[in-house]
Amino acid sequence: LLQKAAAWIRDSRQPMIVAGGGVHYSEAHAALRAFVEKTGIPVGETQAGKGALNYAIRVPKGVVAVICPWNLPLLLMTWKVGPALACGNTVVVKPSEETPSTATLLGEVMNKVGVPHGVYNVVHGFGPGSAGEFLTRHKGVDAITFTGETRTGTAIMKAAAEGTRAVSFELGGKNAGLVFADCDFDAAVDGIARAAFANCGQVCLGTERVYVERPIFEKFVQALKEVESANPVIML
């Protein structure tokens with residue numbers, strides 16, 4: 001069924017672009033396919049001991065709360081929903097209140113391809129004192145995955161401590177780019193510009209600090225300014 005959902009996303013390019021703001025439908029399709037193909041069915045392991053058998057049994061967690069950011073809403077959601085469903089879990093998705101459409105659209109896809117009701121679920125709302133907080137504190141949630149700022153991750157971790165529930169976080173960071181004097185200058189300028197400014201800089205793995213070796217520092221800064229001036233909005 002996940003394969004069917006991936007195929008529907010691939011074959012419905014125009015509706016996805018209109019409803020999802022042009023966000024990465026092809027990458028979402030590839031992500032769902034990859035998780036299905038690489039995950040497979042979780043299996044256990046058995047090891048013989050002296051007079052005993054040791055079992056390692058892999059089973060689904062249960063209900064996984066999926067809290068997604070607004071910057072790449074469909075793609076980052078499939079990175080969470082794909083492996084959770086492929087391993088036999090159900091999900092409750094809480095998309096960003098800034099970009100709610102893609103989570104709802106994916107729900108329509110799940111219905112179209114025959115995913116049973118209750119496997120993929122969506123709740124809309126804000127964070128503190130609203131859907132996000134209620135979801136992470138709910139006793140029926142067995143695991144939580146979240147991408148966003150560190151402060152929110154801290155609050156979610158505190159909530160997850162009640163019941164010792166598993167968490168998966170991708171939180172804020174300060175990724176650095178290093179540029180040395182003997183680099184391929186044009187390639188370095190192009191690479192740093194894209195890494196720093198793609199999607200208006202709102203990418204989890206974007207470059208947020210740049211260290212340039214002193215002999216080429218002024219030249220590099222000027223070249224980077226020229227690239228930005230020529231491309232005021234650099235999109236992925």
# chains A, B, ... in the order shown; residues from 1 in each chain; ligands from 1
call {"tool": "residues_around", "arguments": {"residues": "region 61-76 of chain A", "least_positions_apart": "5", "cutoff": "8 Å", "atoms": "only C-alpha atoms", "output": "compact mmCIF listing (two decimals) with C-alpha atoms, in the first residue's frame"}}
result
# COMPACT_ATOMS: atom_id res chain seq x y z
CA GLY A 20 1.51 21.69 -1.72
CA VAL A 23 7.25 21.10 -2.49
CA HIS A 24 9.38 18.15 -3.49
CA TYR A 25 6.76 15.67 -4.71
CA GLU A 27 11.64 13.33 -3.42
CA ALA A 28 8.60 12.34 -1.32
CA ALA A 31 11.47 8.43 0.10
CA VAL A 81 5.74 8.44 8.07
CA ALA A 84 6.96 4.16 10.82
CA GLY A 88 3.98 -1.84 11.22
CA ASN A 89 3.12 1.23 13.27
CA THR A 90 0.24 3.66 12.95
CA VAL A 91 0.90 7.41 12.84
CA VAL A 92 -0.78 10.62 13.99
CA VAL A 93 0.67 13.51 11.99
CA LYS A 94 0.63 17.07 13.34
CA PRO A 95 1.90 19.31 10.54
CA SER A 96 3.01 22.88 11.08
CA GLU A 97 0.09 25.28 11.31
CA GLU A 98 1.90 27.25 8.58
CA THR A 99 1.74 24.39 6.04
CA THR A 102 0.31 18.48 2.39
CA ALA A 103 -0.45 16.28 5.43
CA GLY A 132 1.09 19.55 19.52
CA LEU A 135 -0.47 14.82 21.22
CA THR A 136 2.93 14.48 22.89
CA GLY A 140 -1.95 6.41 23.86
CA VAL A 141 1.16 7.62 21.96
CA ASP A 142 4.05 5.14 22.12
CA ALA A 143 6.78 7.12 20.31
CA ILE A 144 7.35 10.67 19.08
CA THR A 145 9.35 12.00 16.14
CA PHE A 146 9.91 15.72 15.73
CA THR A 147 11.86 18.09 13.51
CA GLY A 148 12.15 21.69 14.65
CA ASN A 199 14.94 27.63 0.06
CA GLN A 202 15.36 27.26 5.58
CA VAL A 203 16.94 23.83 5.18
call {"tool": "closest_atom_pairs", "arguments": {"of": "region 186-228 of chain A", "to": "region 157-173 of chain A", "cutoff": "9 Å", "atoms": "only C-alpha atoms", "output": "CSV"}}
result
residue,atom,partner,partner_atom,distance
A:Cys204,CA,A:Gly172,CA,7.5
A:Leu205,CA,A:Gly173,CA,8.2
A:Glu208,CA,A:Gly173,CA,8.6
call {"tool": "atom_distance", "arguments": {"atom1": "CA of Pro60 (chain A)", "atom2": "CA of Ala86 (chain A)"}}
result
9.5 Å
call {"tool": "select_by_dssp", "arguments": {"residues": "region 94-213 of chain A", "states": "strand (DSSP E or B)", "output": "list in words"}}
result
Lys94, Tyr120, Asn121, Val122, Ala143, Ile144, Thr145, Phe146, Thr147, Ala166, Val167, Ser168, Phe169, Glu170, Asn175, Ala176, Gly177, Leu178, Val179, Thr207, Glu208, Arg209, Val210, Tyr211 and Val212 of chain A
call {"tool": "select_by_dssp", "arguments": {"residues": "region 12-229 of chain A", "states": "alpha helix (DSSP H)", "output": "MDAnalysis selection string"}}
result
chainID A and resid 13:20 25:39 73:86 101:113 131:137 150:161 185:197 217:229
call {"tool": "residues_around", "arguments": {"residues": "Val212 (chain A)", "least_positions_apart": "6", "cutoff": "7 Å", "atoms": "only C-alpha atoms", "output": "PDB file with all heavy atoms, in the first residue's frame"}}
result
ATOM      1  N   LEU A 178      33.705  25.312   5.168  1.00  0.00           N
ATOM      2  CA  LEU A 178      35.125  25.677   5.188  1.00  0.00           C
ATOM      3  C   LEU A 178      35.605  25.915   3.767  1.00  0.00           C
ATOM      4  O   LEU A 178      35.418  25.062   2.890  1.00  0.00           O
ATOM      5  CB  LEU A 178      35.965  24.570   5.834  1.00  0.00           C
ATOM      6  CG  LEU A 178      35.566  24.145   7.257  1.00  0.00           C
ATOM      7  CD1 LEU A 178      36.457  23.005   7.730  1.00  0.00           C
ATOM      8  CD2 LEU A 178      35.655  25.322   8.210  1.00  0.00           C
ATOM      9  N   VAL A 179      36.247  27.048   3.529  1.00  0.00           N
ATOM     10  CA  VAL A 179      36.745  27.400   2.197  1.00  0.00           C
ATOM     11  C   VAL A 179      38.233  27.716   2.322  1.00  0.00           C
ATOM     12  O   VAL A 179      38.619  28.661   3.025  1.00  0.00           O
ATOM     13  CB  VAL A 179      35.999  28.612   1.613  1.00  0.00           C
ATOM     14  CG1 VAL A 179      36.497  28.914   0.203  1.00  0.00           C
ATOM     15  CG2 VAL A 179      34.492  28.366   1.606  1.00  0.00           C
ATOM     16  N   PHE A 180      39.058  26.927   1.635  1.00  0.00           N
ATOM     17  CA  PHE A 180      40.506  27.102   1.708  1.00  0.00           C
ATOM     18  C   PHE A 180      41.027  27.874   0.496  1.00  0.00           C
ATOM     19  O   PHE A 180      40.376  27.933  -0.555  1.00  0.00           O
ATOM     20  CB  PHE A 180      41.202  25.745   1.813  1.00  0.00           C
ATOM     21  CG  PHE A 180      40.868  25.013   3.080  1.00  0.00           C
ATOM     22  CD1 PHE A 180      39.897  24.020   3.094  1.00  0.00           C
ATOM     23  CD2 PHE A 180      41.508  25.334   4.267  1.00  0.00           C
ATOM     24  CE1 PHE A 180      39.580  23.353   4.261  1.00  0.00           C
ATOM     25  CE2 PHE A 180      41.198  24.669   5.442  1.00  0.00           C
ATOM     26  CZ  PHE A 180      40.233  23.681   5.444  1.00  0.00           C
TER      27      PHE A 180
END
call {"tool": "atom_distance", "arguments": {"atom1": "CA of Ser130 (chain A)", "atom2": "CA of Thr104 (chain A)"}}
result
18.3 Å
call {"tool": "atom_distance", "arguments": {"atom1": "CA of Glu108 (chain A)", "atom2": "CA of Leu32 (chain A)"}}
result
15.6 Å
call {"tool": "closest_residue", "arguments": {"among": "A:Ala176, A:Ala52, A:Cys87, A:Cys183", "to": "Thr207 (chain A)", "atoms": "only C-alpha atoms"}}
result
A:Ala176
call {"tool": "residues_around", "arguments": {"residues": "Val221 (chain A)", "least_positions_apart": "5", "cutoff": "9 Å", "atoms": "only C-alpha atoms", "output": "ChimeraX atom specification"}}
result
/A:189,212,216,226
call {"tool": "write_last_selection", "arguments": {"atoms": "all heavy atoms", "output": "CSV table (one decimal), in the first residue's frame"}}
result
chain,number,residue,atom,x,y,z
A,189,VAL,N,32.2,29.2,-4.4
A,189,VAL,CA,31.2,30.2,-4.3
A,189,VAL,C,29.8,29.7,-4.6
A,189,VAL,O,28.8,29.9,-3.9
A,189,VAL,CB,31.5,31.4,-5.2
A,189,VAL,CG1,30.4,32.4,-5.3
A,189,VAL,CG2,32.8,32.1,-4.8
A,212,VAL,N,36.4,31.2,5.8
A,212,VAL,CA,37.2,31.4,4.6
A,212,VAL,C,38.6,31.7,4.9
A,212,VAL,O,38.9,32.6,5.8
A,212,VAL,CB,36.6,32.5,3.7
A,212,VAL,CG1,37.3,32.6,2.4
A,212,VAL,CG2,35.1,32.2,3.5
A,216,ILE,N,41.9,34.7,0.6
A,216,ILE,CA,40.9,34.8,-0.4
A,216,ILE,C,39.6,35.4,0.3
A,216,ILE,O,38.5,35.4,-0.4
A,216,ILE,CB,40.6,33.5,-1.1
A,216,ILE,CG1,40.0,32.4,-0.1
A,216,ILE,CG2,41.8,33.0,-1.9
A,216,ILE,CD1,39.4,31.2,-0.8
A,226,GLU,N,27.8,39.1,-5.1
A,226,GLU,CA,27.4,39.2,-6.5
A,226,GLU,C,26.4,38.1,-6.8
A,226,GLU,O,25.5,38.3,-7.6
A,226,GLU,CB,28.6,39.2,-7.4
A,226,GLU,CG,29.5,40.4,-7.2
A,226,GLU,CD,30.8,40.3,-8.0
A,226,GLU,OE1,31.0,39.2,-8.7
A,226,GLU,OE2,31.6,41.2,-8.0
call {"tool": "residues_around", "arguments": {"residues": "Asp182 (chain A)", "least_positions_apart": "5", "cutoff": "12 Å", "atoms": "only C-alpha atoms", "output": "PyMOL selection string"}}
result
chain A and resi 187-188+212-216
call {"tool": "write_last_selection", "arguments": {"atoms": "N, CA and C atoms", "output": "CSV table (one decimal), in the first residue's frame"}}
result
chain,number,residue,atom,x,y,z
A,187,ALA,N,33.6,27.1,-8.0
A,187,ALA,CA,32.8,26.0,-7.4
A,187,ALA,C,32.5,26.2,-5.9
A,188,ALA,N,33.4,26.8,-5.2
A,188,ALA,CA,33.2,27.0,-3.8
A,188,ALA,C,32.1,28.1,-3.6
A,212,VAL,N,36.4,31.2,5.8
A,212,VAL,CA,37.2,31.4,4.6
A,212,VAL,C,38.6,31.7,4.9
A,213,GLU,N,39.5,31.0,4.3
A,213,GLU,CA,40.9,31.3,4.6
A,213,GLU,C,41.3,32.7,4.2
A,214,ARG,N,42.1,33.4,5.0
A,214,ARG,CA,42.3,34.8,4.9
A,214,ARG,C,42.8,35.3,3.6
A,215,PRO,N,43.7,34.6,2.9
A,215,PRO,CA,44.2,35.1,1.6
A,215,PRO,C,43.0,35.4,0.5
A,216,ILE,N,41.9,34.7,0.6
A,216,ILE,CA,40.9,34.8,-0.4
A,216,ILE,C,39.6,35.4,0.3
call {"tool": "closest_residue", "arguments": {"among": "A:Ile156, A:Met77, A:Val36, A:Ile57", "to": "Phe134 (chain A)", "atoms": "only C-alpha atoms"}}
result
A:Ile156
